[in-house]
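Have a look at the structure below before the remarks.
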Amino acid sequence: MSLLWLRFALACYFIGLVYAFVALTRTSDLFSRIALHAATLGMVFHFVSLTELFLSDKFVWASVHNAESLLAFLSMCFFMVIYTIYQTTSPGVVVFPIVFFLTFVAAVGEQPVLLTTLVSHKGWLIAHIILIFTGYAALVLSFGASLLYLLQERRLKSKKPTSLISFLPALEVIDQIGYRSLLLGFPFMTLGLITGSVVALTTYGKVDFLDPKILLSLLMWAVYMLMVFTRWNSGWRGRRAAILASFAFVAALAAWAANYFSAIHRFAAS
Amino acid sequence: MRYQLIGVNHKSAPLEVRERLAIPESRLPDTCRDLTAYPGIEEGMVISTCNRVEIVTHTVNGHADLRGFLHSHFHLDPDELDPHLYEFREKDAVRHLFRVAASLDSMVVGEAQILGQVKEAYATARAVGAVRGQLDQLFSRAFAVAKRVRSETAVGSSSVSIASVAVELAKKIFGTLQGKNVFIVGAGKMSELAARHLMAHGCASIFVANRTYERAIGLAQKFNGQAIKFEDLYTTCDRADIVITSTGAPHAIFRREHGEQFLARRKNRPMFFIDIAVPRDVSQDMAKLDGIFAYDIDDLQQAVTSHVSDRRKEAERAEAIIASEVEKFEARISTLDVVPTIVSLQGHLETIRQAEIDRVRGRMGQLTPEQEIALEALTRGIINKVMHTPITTLKSAAKESEATTVVDVVKRLFNLQVKGKDAAAQPVAKKDEVGTRQ
């Protein structure tokens, strides 16, 4: 049943995906409103799906698909918060495709799960997953904002008359969205890594720093911190910030991919 | 109507070319003097604004080498300059000037500033004696036409000015203008206007720097702002989010290294440069920096033209007014032109002479060839002697404003009606030619 709701949500997010592609070429108020409503409806389905899953017996916290679904949902929450503050749907251009992709893979296929049988502290594990994923969602949004910043900067620099009527919000607004997501996501990410190490310590008794999962996670965290630092210290934005954000994004993907070959944080067929 | 006009404007030439032709205000009188000293030119004046450089002349025979003047005066390679030049004669020159004064040829059609600039150029040329009778008539008519276009059409109203486009762009960069600081570099009318718009949209404070510190103080007081010594420009400029620059400096005053300094001190917060100076104040290198958004006058125009379409209708009405005014002016000028009067006066006397000779022949019968020659020489001599003073008077009167009176007197004294027949036939033919071209 939960999967069915998720597929309804997927259908709604698909409208968002179409919007993302259309919005790049033209501005339509009507369409952005439709996309917004579809996304809200999608979130309702998504929420129902997650709740049902949570309440069911079959619930496994560390399942890949549940995780993807949760990450998609959290990203949408961020998107909605930004919409409430800035009244702009333009981050959707980046967020919608990512959310669609995450929901899509969560809604189909088999469900490999993490090797979590050994974990002794469930509470820490739940905290770890939620914190890390909030951090991921913030990173996704910040990455999206830095891409939009680049796009808007190009438009303004190209000096085409159309730059006045583009769908994008003002440069400084995009910048704020990105920076605030970054600032907000950083403590979540940090705490998520700390709880993760607590879980690892209590389970294995030690932290193996040479494990790819841990290495890549630390790398991602380092890039994340570098982003926050360069931004805070010398106001990096635009091209340089986008390059850093892409690094962080790739590092995050790599850390995720490490789940397939890490010794301690590994997916296994259920 | 031996008017001749040559020039470049924002449509015909890129900013790079206009920059090289731009004449600073201080050198305008000298340029006017040089112009009138150039062979074939009787009167001349120069209009030099950031969007155009126009040379308007009244010539001896309607075929003065204005291109030659430009080449030699600006030391420019003809191959480089000529593709960007437009040249108009007689009626076309009149039409062009009327359109310029009425702001139909402007970057922002209908903006009011150009009329003031043309008036200033006219005053300057007049002060050095480069403008006298002929151009005087042309320009006073042009000003009247501009006034008529302004009052009878809506071309000037709700005009999308450079200033409001600048505000739009600033909003695209900063979102809200609340709390943003504006820096005016080089106190000028246009920058003042832009600053006024920006302040109206919530900008917080204004700094003014000008080579003449007193002018900076004057302008700063108007906005309750702060005057900055020009030497301190680079150390204070980073405090501003929006910089409106319009100095008369021959080279860029904001170069890459300055931009880098500003950005470092601002922690890379973006800066918006509205560069309305010609030649430009912001170097190309600096405009490329991330975080620097520099719009020069041409870029602003591009942004403006997208707004222009709704005023096209009004512009069409204005064009119709111009067309009828050109006809009127031409008709008036041809009555003022003394040449047809002289020709018809000579024709009139010649008919009298021929008639008298025929009468003599009738009375005296066949004359010998010698007698014929003597009779011819005698009558011609008398007429030429009698005519000499009136014709020279007419010719000299043509250069003065009393021409109308003298011409009228002569016409009435001799009961001349033929005048202007040829002159009237010519323009009709030309009108078709102009019509098909446009």
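Chain identifiers are assigned as A, B, and so on, following the order in which chains appear in the structure tokens; residues are numbered from 1 within each chain, and ligands are numbered from 1 in order of appearance.
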
Quick one: contact table of chain A to chain B, 7 Å max, nearest atom pair and distance in Å to one decimal per residue, counting only C-alpha atoms, chain and number order, as CSV?
residue,atom,partner,partner_atom,distance
A:Lys157,CA,B:Phe293,CA,6.5
A:Lys159,CA,B:Asp299,CA,6.2
A:Lys160,CA,B:Ala303,CA,6.9
A:Pro161,CA,B:Ala303,CA,4.2
A:Leu164,CA,B:Leu169,CA,6.7
A:Ala170,CA,B:Lys172,CA,4.4
A:Leu171,CA,B:Ile173,CA,4.7
A:Glu172,CA,B:Phe174,CA,5.0
A:Val173,CA,B:Gly175,CA,6.2
A:Ser234,CA,B:Lys267,CA,4.8
A:Gly235,CA,B:Lys267,CA,4.7
A:Trp236,CA,B:Asn268,CA,6.4

Dump N, CA and C atoms for the selected residues as a PDB file, in the first residue's frame?
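Generated output (result-v3.pdb):
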ATOM      1  N   LYS A 157      25.005  39.007 -17.235  1.00  0.00           N
ATOM      2  CA  LYS A 157      26.249  39.410 -17.903  1.00  0.00           C
ATOM      3  C   LYS A 157      26.081  39.437 -19.418  1.00  0.00           C
ATOM      4  N   LYS A 159      23.642  40.508 -20.922  1.00  0.00           N
ATOM      5  CA  LYS A 159      23.010  41.795 -21.200  1.00  0.00           C
ATOM      6  C   LYS A 159      21.925  41.726 -22.255  1.00  0.00           C
ATOM      7  N   LYS A 160      21.363  40.550 -22.432  1.00  0.00           N
ATOM      8  CA  LYS A 160      20.222  40.452 -23.353  1.00  0.00           C
ATOM      9  C   LYS A 160      19.017  41.081 -22.676  1.00  0.00           C
ATOM     10  N   PRO A 161      18.173  41.732 -23.459  1.00  0.00           N
ATOM     11  CA  PRO A 161      16.999  42.379 -22.865  1.00  0.00           C
ATOM     12  C   PRO A 161      16.127  41.385 -22.093  1.00  0.00           C
ATOM     13  N   LEU A 164      15.699  40.812 -18.210  1.00  0.00           N
ATOM     14  CA  LEU A 164      14.791  41.547 -17.331  1.00  0.00           C
ATOM     15  C   LEU A 164      13.519  40.759 -17.037  1.00  0.00           C
ATOM     16  N   ALA A 170      15.870  37.531  -8.140  1.00  0.00           N
ATOM     17  CA  ALA A 170      17.059  38.377  -8.185  1.00  0.00           C
ATOM     18  C   ALA A 170      18.275  37.590  -7.697  1.00  0.00           C
ATOM     19  N   LEU A 171      19.412  38.006  -8.227  1.00  0.00           N
ATOM     20  CA  LEU A 171      20.663  37.324  -7.926  1.00  0.00           C
ATOM     21  C   LEU A 171      20.892  37.191  -6.423  1.00  0.00           C
ATOM     22  N   GLU A 172      20.659  38.269  -5.712  1.00  0.00           N
ATOM     23  CA  GLU A 172      20.945  38.256  -4.285  1.00  0.00           C
ATOM     24  C   GLU A 172      19.981  37.333  -3.523  1.00  0.00           C
ATOM     25  N   VAL A 173      18.763  37.194  -4.042  1.00  0.00           N
ATOM     26  CA  VAL A 173      17.788  36.298  -3.407  1.00  0.00           C
ATOM     27  C   VAL A 173      18.244  34.850  -3.572  1.00  0.00           C
ATOM     28  N   SER A 234      35.253  34.950   2.797  1.00  0.00           N
ATOM     29  CA  SER A 234      35.526  35.854   1.681  1.00  0.00           C
ATOM     30  C   SER A 234      34.357  35.958   0.713  1.00  0.00           C
ATOM     31  N   GLY A 235      33.203  35.512   1.142  1.00  0.00           N
ATOM     32  CA  GLY A 235      32.001  35.742   0.340  1.00  0.00           C
ATOM     33  C   GLY A 235      32.020  35.079  -1.022  1.00  0.00           C
ATOM     34  N   TRP A 236      32.644  33.911  -1.114  1.00  0.00           N
ATOM     35  CA  TRP A 236      32.655  33.225  -2.407  1.00  0.00           C
ATOM     36  C   TRP A 236      31.245  32.952  -2.877  1.00  0.00           C
TER      37      TRP A 236
END

Write out as a tab-separated table a residue-level contact list of region 52-89 of chain A versus region 176-183 of chain A with cut-off 9 Å: for each qualifying residue the closest pair of atoms and the distance in Å to one decimal, counting only C-alpha atoms, rows sorted by chain and residue number upward.
residue	atom	partner	partner_atom	distance
A:Phe78	CA	A:Ser181	CA	8.3
A:Ile82	CA	A:Ile177	CA	7.2
A:Tyr86	CA	A:Ile177	CA	8.4

Save the residues we just selected, C-alpha atoms, as a PDB file, in the first residue's frame?
ATOM      1  CA  PHE A  78      13.080  22.515   2.154  1.00  0.00           C
ATOM      2  CA  ILE A  82      11.905  28.472   0.670  1.00  0.00           C
ATOM      3  CA  TYR A  86      10.780  33.934  -0.911  1.00  0.00           C
TER       4      TYR A  86
END

Exercise. So which residues touch region 249-256 of chain A within 6 Å, counting only C-alpha atoms, skipping near sequence neighbours fewer than 4 positions away, as a ChimeraX atom specification?
Worked result: /A:213,216-217,220

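Among the candidates B:Ala22, B:Val145, B:Leu5, B:Val338, the residue lying nearest to Gly248 (chain B) is B:Ala22 (atoms considered: only C-alpha atoms).
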
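The two atoms in question, CA of Gly381 (chain B) and CA of Leu394 (chain B), are spaced 19.9 Å apart.
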
Polymer residues at most 8 Å from Ile184 (chain B), only C-alpha atoms, same-chain spacing of 5 or more positions, as an mmCIF file with C-alpha atoms, in the first residue's frame:
data_model
loop_
_atom_site.group_PDB
_atom_site.id
_atom_site.type_symbol
_atom_site.label_atom_id
_atom_site.label_comp_id
_atom_site.auth_asym_id
_atom_site.auth_seq_id
_atom_site.Cartn_x
_atom_site.Cartn_y
_atom_site.Cartn_z
ATOM 1 C CA SER B 191 23.369 60.382 -13.555
ATOM 2 C CA GLU B 192 21.363 62.676 -11.337
ATOM 3 C CA ALA B 195 20.123 58.437 -8.880
ATOM 4 C CA ILE B 206 24.268 58.524 -1.882
ATOM 5 C CA PHE B 207 27.899 59.428 -2.394
ATOM 6 C CA VAL B 208 29.033 61.894 -5.026
ATOM 7 C CA ALA B 209 32.520 62.292 -6.420
ATOM 8 C CA VAL B 243 27.796 53.052 -9.124
ATOM 9 C CA ILE B 244 26.575 55.507 -11.721
ATOM 10 C CA THR B 245 29.540 56.807 -13.613
#

Within 12 Å of region 32-44 of chain A, which residues of region 98-201 of chain A show up? Give each one with its shortest atom-to-atom distance in Å (one decimal) and the two atoms involved, counting only C-alpha atoms, rows by chain then rising residue number, as a tab-separated table.
residue	atom	partner	partner_atom	distance
A:Val99	CA	A:Ala39	CA	10.3
A:Phe100	CA	A:Gly42	CA	10.4
A:Thr103	CA	A:Gly42	CA	10.5
A:Phe167	CA	A:Ser32	CA	9.8
A:Leu168	CA	A:Ser32	CA	11.9
